[in-house]
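What follows is the content of start11.cif, which has mmCIF, C-alpha atoms:
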```cif
data_entry
#
loop_
_atom_site.label_atom_id
_atom_site.label_comp_id
_atom_site.auth_asym_id
_atom_site.auth_seq_id
_atom_site.Cartn_x
_atom_site.Cartn_y
_atom_site.Cartn_z
CA MET G 1 -161.69 -112.12 -248.05
CA ARG G 2 -157.91 -112.31 -248.12
CA LYS G 3 -157.71 -108.53 -248.37
CA LYS G 4 -159.84 -108.19 -245.25
CA PHE G 5 -157.62 -110.65 -243.37
CA VAL G 6 -154.53 -108.64 -244.32
CA ARG G 7 -156.26 -105.40 -243.37
CA GLY G 8 -157.06 -106.90 -239.96
CA MET G 9 -153.46 -108.07 -239.58
CA ARG G 10 -152.22 -104.59 -240.37
CA HIS G 11 -154.55 -103.04 -237.81
CA GLY G 12 -153.22 -105.57 -235.30
CA VAL G 13 -149.55 -104.59 -235.71
CA PRO G 14 -149.54 -101.72 -233.16
CA ILE G 15 -151.29 -104.05 -230.72
CA MET G 16 -148.71 -106.76 -231.41
CA LEU G 17 -145.86 -104.35 -230.64
CA GLY G 18 -147.51 -103.30 -227.38
CA TYR G 19 -148.17 -106.92 -226.44
CA LEU G 20 -144.55 -107.95 -227.08
CA SER G 21 -143.24 -105.88 -224.18
CA VAL G 22 -146.13 -106.68 -221.81
CA SER G 23 -146.00 -110.43 -222.45
CA PHE G 24 -142.22 -110.33 -222.14
CA GLY G 25 -142.77 -109.11 -218.59
CA PHE G 26 -145.32 -111.85 -218.07
CA GLY G 27 -142.82 -114.49 -219.24
CA VAL G 28 -140.25 -113.22 -216.77
CA LEU G 29 -142.85 -113.26 -213.98
CA CYS G 30 -143.75 -116.90 -214.70
CA ILE G 31 -140.13 -118.01 -214.37
CA GLN G 32 -139.78 -116.04 -211.13
CA GLN G 33 -142.85 -117.90 -209.81
CA ASN G 34 -141.21 -121.23 -210.67
CA LEU G 35 -143.41 -122.04 -213.65
CA SER G 36 -141.85 -123.78 -216.65
CA ILE G 37 -141.35 -122.06 -220.02
CA LEU G 38 -143.97 -124.42 -221.46
CA ALA G 39 -146.49 -123.45 -218.77
CA ALA G 40 -145.85 -119.73 -219.36
CA VAL G 41 -146.42 -120.04 -223.11
CA GLY G 42 -149.38 -122.39 -222.52
CA ILE G 43 -151.09 -119.79 -220.34
CA SER G 44 -150.57 -117.04 -222.90
CA VAL G 45 -151.79 -119.15 -225.82
CA THR G 46 -154.97 -120.25 -224.03
CA ASN G 47 -155.85 -117.00 -222.25
CA LEU G 48 -154.66 -114.00 -224.28
CA THR G 49 -155.24 -111.50 -221.49
CA SER G 50 -152.80 -109.57 -219.32
CA ALA G 51 -154.40 -108.82 -215.95
CA GLY G 52 -156.19 -112.18 -215.74
CA GLN G 53 -153.01 -114.11 -216.48
CA VAL G 54 -150.92 -112.23 -213.94
CA ALA G 55 -153.58 -112.85 -211.28
CA GLY G 56 -153.88 -116.51 -212.38
CA VAL G 57 -150.15 -117.09 -211.97
CA GLY G 58 -150.49 -115.61 -208.49
CA VAL G 59 -153.18 -118.16 -207.64
CA ILE G 60 -151.07 -121.01 -209.05
CA ALA G 61 -147.95 -119.89 -207.16
CA ALA G 62 -149.93 -119.65 -203.91
CA GLY G 63 -151.49 -123.10 -204.47
CA GLY G 64 -154.99 -121.60 -204.41
CA SER G 65 -158.20 -123.53 -204.98
CA MET G 66 -159.92 -123.93 -208.35
CA LEU G 67 -162.85 -121.89 -207.02
CA GLU G 68 -160.48 -119.03 -206.26
CA MET G 69 -159.08 -119.31 -209.78
CA ILE G 70 -162.56 -119.18 -211.34
CA LEU G 71 -163.74 -116.22 -209.23
CA CYS G 72 -160.50 -114.39 -209.86
CA GLN G 73 -160.79 -114.77 -213.65
CA LEU G 74 -164.50 -113.96 -213.54
CA VAL G 75 -164.04 -110.67 -211.72
CA ILE G 76 -161.00 -109.52 -213.67
CA ASN G 77 -162.26 -110.61 -217.09
CA LEU G 78 -165.97 -109.84 -216.77
CA ARG G 79 -165.43 -106.69 -218.81
CA TYR G 80 -164.88 -108.94 -221.85
CA SER G 81 -168.56 -109.93 -221.63
CA LEU G 82 -169.51 -106.30 -222.07
CA MET G 83 -167.09 -105.98 -224.99
CA SER G 84 -168.37 -109.18 -226.65
CA LEU G 85 -171.93 -107.98 -226.21
CA SER G 86 -171.04 -104.64 -227.76
CA LEU G 87 -169.22 -106.27 -230.71
CA SER G 88 -172.06 -108.78 -231.25
CA GLN G 89 -174.14 -105.80 -232.42
CA ARG G 90 -171.63 -104.83 -235.10
CA LEU G 91 -171.09 -108.17 -236.84
CA ASP G 92 -171.52 -108.83 -240.54
CA PRO G 93 -174.31 -111.35 -241.41
CA SER G 94 -171.56 -113.79 -242.56
CA PHE G 95 -170.63 -114.32 -238.90
CA ASN G 96 -172.05 -117.80 -238.21
CA LEU G 97 -171.84 -119.68 -234.93
CA MET G 98 -168.53 -121.37 -235.79
CA HIS G 99 -166.87 -118.03 -236.53
CA ARG G 100 -168.32 -116.62 -233.33
CA LEU G 101 -166.89 -119.51 -231.29
CA PHE G 102 -163.41 -118.90 -232.74
CA VAL G 103 -163.38 -115.11 -232.75
CA GLY G 104 -164.88 -114.96 -229.24
CA TYR G 105 -161.56 -116.34 -227.99
CA GLY G 106 -159.68 -113.27 -229.18
CA ILE G 107 -161.64 -110.38 -227.65
CA THR G 108 -159.06 -108.37 -225.71
CA ASP G 109 -159.20 -104.73 -224.62
CA GLU G 110 -157.08 -103.54 -227.51
CA ILE G 111 -158.58 -105.79 -230.20
CA PHE G 112 -162.01 -104.70 -229.03
CA ALA G 113 -161.00 -101.05 -229.15
CA VAL G 114 -159.72 -101.27 -232.72
CA ALA G 115 -162.66 -103.42 -233.87
CA SER G 116 -165.25 -101.06 -232.43
CA SER G 117 -163.60 -98.08 -234.12
CA GLN G 118 -164.30 -99.58 -237.58
CA ASP G 119 -167.03 -98.06 -239.75
CA GLU G 120 -168.16 -101.15 -241.66
CA PRO G 121 -169.75 -104.27 -240.11
CA LEU G 122 -167.08 -106.67 -238.82
CA THR G 123 -166.35 -109.67 -241.06
CA PRO G 124 -164.83 -112.97 -239.82
CA ALA G 125 -161.77 -112.51 -242.09
CA TYR G 126 -161.04 -109.06 -240.70
CA MET G 127 -161.43 -110.28 -237.11
CA TYR G 128 -159.15 -113.31 -237.68
CA GLY G 129 -156.49 -110.96 -239.05
CA LEU G 130 -156.96 -108.51 -236.21
CA ILE G 131 -156.53 -111.32 -233.66
CA PHE G 132 -153.68 -113.09 -235.48
CA THR G 133 -150.89 -110.49 -235.24
CA PRO G 134 -151.53 -109.60 -231.58
CA PHE G 135 -151.72 -113.35 -230.77
CA ILE G 136 -148.28 -113.85 -232.33
CA GLY G 137 -146.92 -110.87 -230.38
CA TRP G 138 -148.42 -112.10 -227.12
CA THR G 139 -147.11 -115.67 -227.52
CA LEU G 140 -143.69 -114.67 -228.84
CA GLY G 141 -143.21 -112.06 -226.12
CA THR G 142 -144.06 -114.60 -223.42
CA LEU G 143 -141.63 -117.11 -224.90
CA LEU G 144 -138.83 -114.54 -225.18
CA GLY G 145 -139.47 -113.29 -221.65
CA ALA G 146 -139.54 -116.78 -220.19
CA VAL G 147 -136.45 -117.97 -222.08
CA ALA G 148 -134.33 -114.90 -221.69
CA GLY G 149 -135.33 -114.00 -218.15
CA ASP G 150 -134.49 -110.37 -217.80
CA ILE G 151 -132.42 -109.26 -220.81
CA MET G 152 -133.67 -105.73 -221.16
CA PRO G 153 -132.58 -103.24 -218.51
CA ALA G 154 -135.37 -102.38 -216.08
CA SER G 155 -135.26 -98.74 -217.19
CA VAL G 156 -136.35 -99.70 -220.72
CA THR G 157 -139.13 -102.07 -219.68
CA ALA G 158 -140.45 -99.44 -217.23
CA ALA G 159 -140.74 -96.85 -220.01
CA LEU G 160 -142.26 -99.39 -222.41
CA SER G 161 -145.03 -100.12 -219.94
CA LEU G 162 -146.55 -96.77 -220.96
CA MET G 163 -147.13 -97.97 -224.52
CA LEU G 164 -150.49 -99.65 -224.03
CA TYR G 165 -151.90 -96.71 -222.08
CA GLY G 166 -150.65 -94.34 -224.77
CA MET G 167 -152.54 -96.43 -227.32
CA PHE G 168 -155.70 -96.27 -225.25
CA ILE G 169 -155.49 -92.48 -225.14
CA ALA G 170 -154.90 -92.34 -228.90
CA ILE G 171 -158.07 -94.40 -229.36
CA ILE G 172 -160.47 -92.52 -227.08
CA LEU G 173 -159.29 -88.90 -227.35
CA PRO G 174 -159.62 -88.05 -231.08
CA PRO G 175 -163.35 -88.97 -231.40
CA ALA G 176 -164.10 -87.18 -228.10
CA LYS G 177 -162.77 -83.88 -229.49
CA LYS G 178 -165.81 -83.53 -231.75
CA ASN G 179 -168.31 -85.46 -229.63
CA HIS G 180 -169.05 -84.01 -226.22
CA LYS G 181 -171.14 -87.02 -225.17
CA LEU G 182 -168.04 -89.19 -225.50
CA LEU G 183 -165.97 -86.62 -223.66
CA PHE G 184 -168.51 -86.75 -220.81
CA VAL G 185 -168.26 -90.57 -220.59
CA ILE G 186 -164.47 -90.56 -220.74
CA LEU G 187 -164.05 -87.88 -218.07
CA LEU G 188 -166.69 -89.37 -215.78
CA SER G 189 -165.26 -92.88 -216.05
CA ALA G 190 -161.71 -91.62 -215.43
CA ALA G 191 -162.88 -89.59 -212.43
CA LEU G 192 -164.75 -92.55 -210.92
CA SER G 193 -161.72 -94.76 -211.51
CA VAL G 194 -159.40 -92.30 -209.76
CA VAL G 195 -161.79 -91.97 -206.80
CA THR G 196 -162.14 -95.78 -206.56
CA HIS G 197 -158.38 -96.26 -206.68
CA PHE G 198 -157.61 -93.83 -203.89
CA PHE G 199 -160.67 -94.11 -201.64
CA LEU G 200 -161.87 -97.70 -202.17
CA PRO G 201 -158.57 -99.58 -202.51
CA MET G 202 -160.20 -102.87 -201.43
CA ILE G 203 -161.96 -103.10 -204.80
CA SER G 204 -159.74 -105.07 -207.19
CA SER G 205 -158.71 -103.29 -210.39
CA GLY G 206 -160.71 -105.62 -212.64
CA PHE G 207 -163.85 -105.09 -210.62
CA ALA G 208 -163.25 -101.33 -210.41
CA ILE G 209 -163.16 -101.13 -214.21
CA ILE G 210 -166.55 -102.85 -214.46
CA ILE G 211 -168.17 -100.58 -211.87
CA CYS G 212 -166.77 -97.32 -213.27
CA ALA G 213 -167.54 -98.22 -216.88
CA LEU G 214 -171.09 -99.33 -216.12
CA ILE G 215 -171.98 -96.30 -213.99
CA SER G 216 -170.64 -93.79 -216.50
CA SER G 217 -172.12 -95.57 -219.56
CA VAL G 218 -175.55 -95.91 -217.93
CA LEU G 219 -175.57 -92.26 -216.86
CA ALA G 220 -174.52 -91.17 -220.35
CA ALA G 221 -177.23 -93.37 -221.90
CA VAL G 222 -179.83 -91.77 -219.61
CA PHE G 223 -178.76 -88.19 -220.25
CA PHE G 224 -177.54 -88.54 -223.85
CA PRO G 225 -179.27 -91.46 -225.60
CA VAL G 226 -177.80 -91.99 -229.08
CA GLU G 227 -179.61 -92.51 -232.38
CA GLU G 228 -178.83 -95.38 -234.73
CA GLN G 229 -177.19 -93.23 -237.45
CA GLU G 230 -175.31 -91.15 -234.89
CA ARG G 231 -173.68 -94.34 -233.55
CA GLY G 232 -172.37 -95.17 -237.00
CA GLU G 233 -170.83 -91.74 -237.48
CA ALA G 234 -169.17 -91.39 -234.11
CA GLN G 235 -167.54 -94.81 -234.20
CA SER G 236 -165.31 -93.72 -237.08
CA MET S 1 -152.89 -129.58 -207.94
CA SER S 2 -151.46 -130.07 -211.38
CA ILE S 3 -150.40 -127.06 -213.39
CA VAL S 4 -152.31 -128.36 -216.39
CA ALA S 5 -155.56 -128.37 -214.39
CA TYR S 6 -154.98 -124.79 -213.26
CA ILE S 7 -154.30 -123.60 -216.79
CA ALA S 8 -157.33 -125.47 -218.14
CA VAL S 9 -159.67 -123.97 -215.52
CA MET S 10 -158.22 -120.52 -216.13
CA ALA S 11 -158.56 -120.81 -219.91
CA VAL S 12 -162.09 -122.24 -219.90
CA THR S 13 -163.36 -119.55 -217.51
CA THR S 14 -161.85 -116.76 -219.58
CA TYR S 15 -163.11 -118.28 -222.84
CA LEU S 16 -166.70 -118.68 -221.61
CA ILE S 17 -166.79 -115.09 -220.33
CA ARG S 18 -165.87 -113.91 -223.80
CA VAL S 19 -167.77 -116.29 -226.01
CA ILE S 20 -171.18 -116.63 -224.35
CA PRO S 21 -172.40 -113.09 -225.10
CA PHE S 22 -170.71 -113.24 -228.50
CA ALA S 23 -172.33 -116.51 -229.59
CA ALA S 24 -175.68 -116.22 -227.83
CA VAL S 25 -176.76 -112.74 -228.85
CA ARG S 26 -177.94 -113.07 -232.46
CA GLY S 27 -180.63 -110.55 -233.29
CA LYS S 28 -180.16 -106.81 -233.14
CA ILE S 29 -180.96 -105.26 -229.79
CA LYS S 30 -183.90 -102.87 -230.23
CA SER S 31 -183.75 -100.95 -226.94
CA ARG S 32 -182.38 -97.46 -227.44
CA PHE S 33 -181.17 -97.38 -223.85
CA ILE S 34 -179.20 -100.65 -224.10
CA ASN S 35 -177.75 -99.62 -227.45
CA SER S 36 -176.66 -96.32 -225.96
CA VAL S 37 -174.96 -98.09 -223.02
CA LEU S 38 -173.18 -100.47 -225.40
CA TYR S 39 -172.05 -97.55 -227.54
CA TYR S 40 -170.52 -95.76 -224.57
CA ILE S 41 -168.94 -98.80 -222.87
CA PRO S 42 -165.72 -99.09 -224.89
CA TYR S 43 -164.79 -95.50 -224.16
CA ALA S 44 -165.71 -95.86 -220.49
CA VAL S 45 -163.75 -99.14 -220.10
CA LEU S 46 -160.61 -97.79 -221.77
CA SER S 47 -160.78 -94.57 -219.79
CA ALA S 48 -161.19 -96.39 -216.47
CA MET S 49 -158.29 -98.73 -217.33
CA THR S 50 -156.01 -95.85 -218.30
CA PHE S 51 -156.69 -93.53 -215.37
CA PRO S 52 -155.16 -93.45 -212.85
CA ALA S 53 -153.03 -96.52 -213.80
CA ILE S 54 -151.05 -94.56 -216.43
CA PHE S 55 -149.58 -92.32 -213.72
CA PHE S 56 -147.92 -95.31 -212.01
CA ALA S 57 -147.02 -97.35 -215.10
CA THR S 58 -143.27 -96.71 -215.09
CA GLY S 59 -142.92 -96.92 -211.31
CA SER S 60 -142.25 -93.16 -211.13
CA VAL S 61 -145.15 -90.68 -211.03
CA VAL S 62 -142.95 -87.96 -212.59
CA THR S 63 -141.78 -89.91 -215.66
CA SER S 64 -145.25 -91.45 -216.09
CA SER S 65 -146.85 -88.01 -215.99
CA VAL S 66 -144.48 -86.70 -218.66
CA GLY S 67 -145.39 -89.70 -220.84
CA THR S 68 -149.09 -89.08 -220.16
CA VAL S 69 -148.91 -85.42 -221.22
CA ILE S 70 -147.05 -86.39 -224.40
CA ALA S 71 -149.66 -89.06 -225.18
CA LEU S 72 -152.55 -86.63 -224.60
CA LEU S 73 -150.98 -83.94 -226.80
CA MET S 74 -150.08 -86.30 -229.66
CA ALA S 75 -153.48 -88.03 -229.55
CA TYR S 76 -155.16 -84.62 -229.62
CA PHE S 77 -153.38 -83.92 -232.92
CA ASP S 78 -154.60 -87.26 -234.36
CA LEU S 79 -151.17 -88.94 -234.67
CA PRO S 80 -151.19 -92.72 -235.29
CA LEU S 81 -151.52 -95.12 -232.32
CA ILE S 82 -148.01 -96.50 -232.49
CA VAL S 83 -146.46 -93.01 -232.74
CA VAL S 84 -148.40 -91.88 -229.68
CA ALA S 85 -147.45 -95.03 -227.78
CA LEU S 86 -143.72 -94.95 -228.60
CA SER S 87 -143.38 -91.18 -228.05
CA SER S 88 -145.02 -91.52 -224.67
CA SER S 89 -142.52 -94.25 -223.68
CA ALA S 90 -139.58 -92.30 -225.13
CA GLY S 91 -140.62 -89.19 -223.20
CA ALA S 92 -140.73 -91.13 -219.95
CA PHE S 93 -137.36 -92.77 -220.68
CA ILE S 94 -135.66 -89.46 -221.49
CA THR S 95 -137.15 -87.85 -218.38
CA ALA S 96 -135.75 -90.68 -216.28
CA LEU S 97 -132.33 -90.11 -217.88
CA ILE S 98 -132.45 -86.37 -217.17
CA MET S 99 -133.54 -86.94 -213.58
CA GLY S 100 -130.68 -89.37 -213.12
CA LEU S 101 -133.06 -92.17 -212.18
CA ILE S 102 -131.28 -94.56 -214.53
#
```

Render the structure in this file as structure tokens.
Amino acid sequence: MRKKFVRGMRHGVPIMLGYLSVSFGFGVLCIQQNLSILAAVGISVTNLTSAGQVAGVGVIAAGGSMLEMILCQLVINLRYSLMSLSLSQRLDPSFNLMHRLFVGYGITDEIFAVASSQDEPLTPAYMYGLIFTPFIGWTLGTLLGAVAGDIMPASVTAALSLMLYGMFIAIILPPAKKNHKLLFVILLSAALSVVTHFFLPMISSGFAIIICALISSVLAAVFFPVEEQERGEAQS
Amino acid sequence: MSIVAYIAVMAVTTYLIRVIPFAAVRGKIKSRFINSVLYYIPYAVLSAMTFPAIFFATGSVVTSSVGTVIALLMAYFDLPLIVVALSSSAGAFITALIMGLI
């Protein structure tokens, strides 16, 4: 139990490091938008998501309506529903409703990516550990960013913004080397995303991710349906 | 409107989006099609989030592209996540130095 928690925490360390720099930027943004330090940290603690939070602060700063806030979060964060649904299929039987209600809070892109790359069924202890370290990084980074304003030179923060994307590539590329079905999905999704970005700029980035991911996953499922045992192997 | 109300609405919306599928779906899904879609989704989501955003991440297409190539190469050779991530950033930073952007 404790071992699994520690294992999860360890797997969360790279995510924590990535989150530190991103949330630092978020903290700075909040202060620029005239939010208090407490509000900045409060948003990070209760939301634990980058794009949704940045958009949310925009709505707050513009004095938008609550409906706008809800729609904005819904569109940008809808991908988490897909991730939760995917993870719900990989849970250990010890995952009761209470654990689900707590762990559901911590499904982020990166936590989801690491969790879904695990071979064994996911236990509550592992998931709590995997959420804990990134949560600390996210909260601490926001606090430091909000308190310190802009300490780091812009040149450093610009370069650090590549970290999360580098992590994403390190997650999706290695399994795709051996599995051409995955390579198909990755290339198709990337291509759709590029086309959407340049030719359909009116579609918000959160919504674009949902559309591209759904189209490419559905097409791959039609052309290359996977068997139960094959799923287990390829997720490693 | 009060800042607390905004934050509460924001947090509750985000929480419900995450937790409803997680708490409501109990049994195993039998459909081979749905299982296949769910298997592919993580890769599709991460890929769509990375491209083309990674090419604009640093604010310079040139330094971002250098970082992207480094990340692709290092990931291809199975290096750990944090090594790939930091090398990619370092590559972009050094490129900016060389180009005199800093």

**Request:** For each of G:Gly8, G:Pro93, G:Pro134, G:Gly27, take the minimum atom-to-atom distance to chain S, counting all atoms listed in the file, then give the residue where this is smallest.
**Result:** G:Pro93

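Nearest to Gly67 (chain S) of all the residues S:Thr50, S:Thr13, S:Ser2, S:Ser87 is S:Ser87, counting only C-alpha atoms.
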
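If only C-alpha atoms are the atoms counted, then among S:Ala85, S:Val69, S:Ile94, S:Val12 the closest residue to chain G is S:Ala85.
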
**Asked** At what distance in Å, to one decimal, does CA of Phe26 (chain G) lie from CA of Val54 (chain G)?
**Response** 7.0 Å

**Matched chain/residue IDs from the PyMOL selection byres ((chain S and resi 25) around 12), as an NGL selection string** = (:G and (81-82 or 84-91 or 95-97 or 100)) or (:S and (19-24 or 26-29))

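Nearest to Leu101 (chain S) of all the residues G:Ala125, G:Ala154, G:Val41, G:Leu200 is G:Ala154, based on only C-alpha atoms.
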
**Request:** Apply the PyMOL selection byres ((chain G and resi 172) around 10) to the displayed file and report the matching residues as a list in words.
**Result:** Ala113, Ser117, Met167, Phe168, Ile169, Ala170, Ile171, Leu173, Pro174, Pro175, Ala176, Lys177, Leu182, Leu183 and Ile186 of chain G; Pro42, Tyr43, Ala44, Leu46, Ser47, Ala75 and Tyr76 of chain S

**Request:** Quick one: everything within 12 Å of Tyr165 (chain G), counting all atoms listed in the file, minus sequence neighbours fewer than 6 positions away in the same chain. Send it as an MDAnalysis selection string.
**Result:** (chainID G and resid 15 18:19 22 109:110 159 171:173) or (chainID S and resid 46:58 64:65 67:72 75 81:82 84:89)

**Message:** Using all atoms listed in the file - which residues lie no farther than 10 Å from the point (-164.7, -100.8, -212.3) in the file's frame? Write them as number ranges by chain.
**Reply:** G: 75-76, 79, 189, 192-193, 196-197, 203-215; S: 44-45, 48-49

Now that the selection is made, can you save its residues with C-alpha atoms as a short mmCIF file (atom, residue, chain, number, x, y, z; two decimals), keeping the file's coordinate frame?
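Produced file again38.cif, reproduced below:
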```cif
data_model
loop_
_atom_site.label_atom_id
_atom_site.label_comp_id
_atom_site.auth_asym_id
_atom_site.auth_seq_id
_atom_site.Cartn_x
_atom_site.Cartn_y
_atom_site.Cartn_z
CA VAL G 75 -164.04 -110.67 -211.72
CA ILE G 76 -161.00 -109.52 -213.67
CA ARG G 79 -165.43 -106.69 -218.81
CA SER G 189 -165.26 -92.88 -216.05
CA LEU G 192 -164.75 -92.55 -210.92
CA SER G 193 -161.72 -94.76 -211.51
CA THR G 196 -162.14 -95.78 -206.56
CA HIS G 197 -158.38 -96.26 -206.68
CA ILE G 203 -161.96 -103.10 -204.80
CA SER G 204 -159.74 -105.07 -207.19
CA SER G 205 -158.71 -103.29 -210.39
CA GLY G 206 -160.71 -105.62 -212.64
CA PHE G 207 -163.85 -105.09 -210.62
CA ALA G 208 -163.25 -101.33 -210.41
CA ILE G 209 -163.16 -101.13 -214.21
CA ILE G 210 -166.55 -102.85 -214.46
CA ILE G 211 -168.17 -100.58 -211.87
CA CYS G 212 -166.77 -97.32 -213.27
CA ALA G 213 -167.54 -98.22 -216.88
CA LEU G 214 -171.09 -99.33 -216.12
CA ILE G 215 -171.98 -96.30 -213.99
CA ALA S 44 -165.71 -95.86 -220.49
CA VAL S 45 -163.75 -99.14 -220.10
CA ALA S 48 -161.19 -96.39 -216.47
CA MET S 49 -158.29 -98.73 -217.33
#
```

**Request:** For the structure provided, state which residues fall under the PyMOL selection byres ((chain G and resi 216-230) around 8), and present them as number ranges by chain.
**Result:** G: 181, 184-185, 188-189, 212-215, 231-234; S: 32-38, 40-41, 44

**Message:** Given all atoms listed in the file as the basis, pick out the residue of S:Ser31, S:Leu16, S:Tyr39, S:Thr95 nearest to Met83 (chain G).
**Reply:** S:Tyr39

**Within 9 Å of Phe135 (chain G) using only C-alpha atoms, minus same-chain residues under 5 positions, as a PyMOL selection string** = chain G and resi 16+19+44-45+48+106+130+140

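Of note, CA of Val6 (chain G) and CA of Ile111 (chain G) are spaced 15.0 Å apart.
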
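Taking only C-alpha atoms into account, chain S lies nearest to G:Leu187 out of the set G:Leu187, G:Cys30, G:Thr139, G:Thr133.
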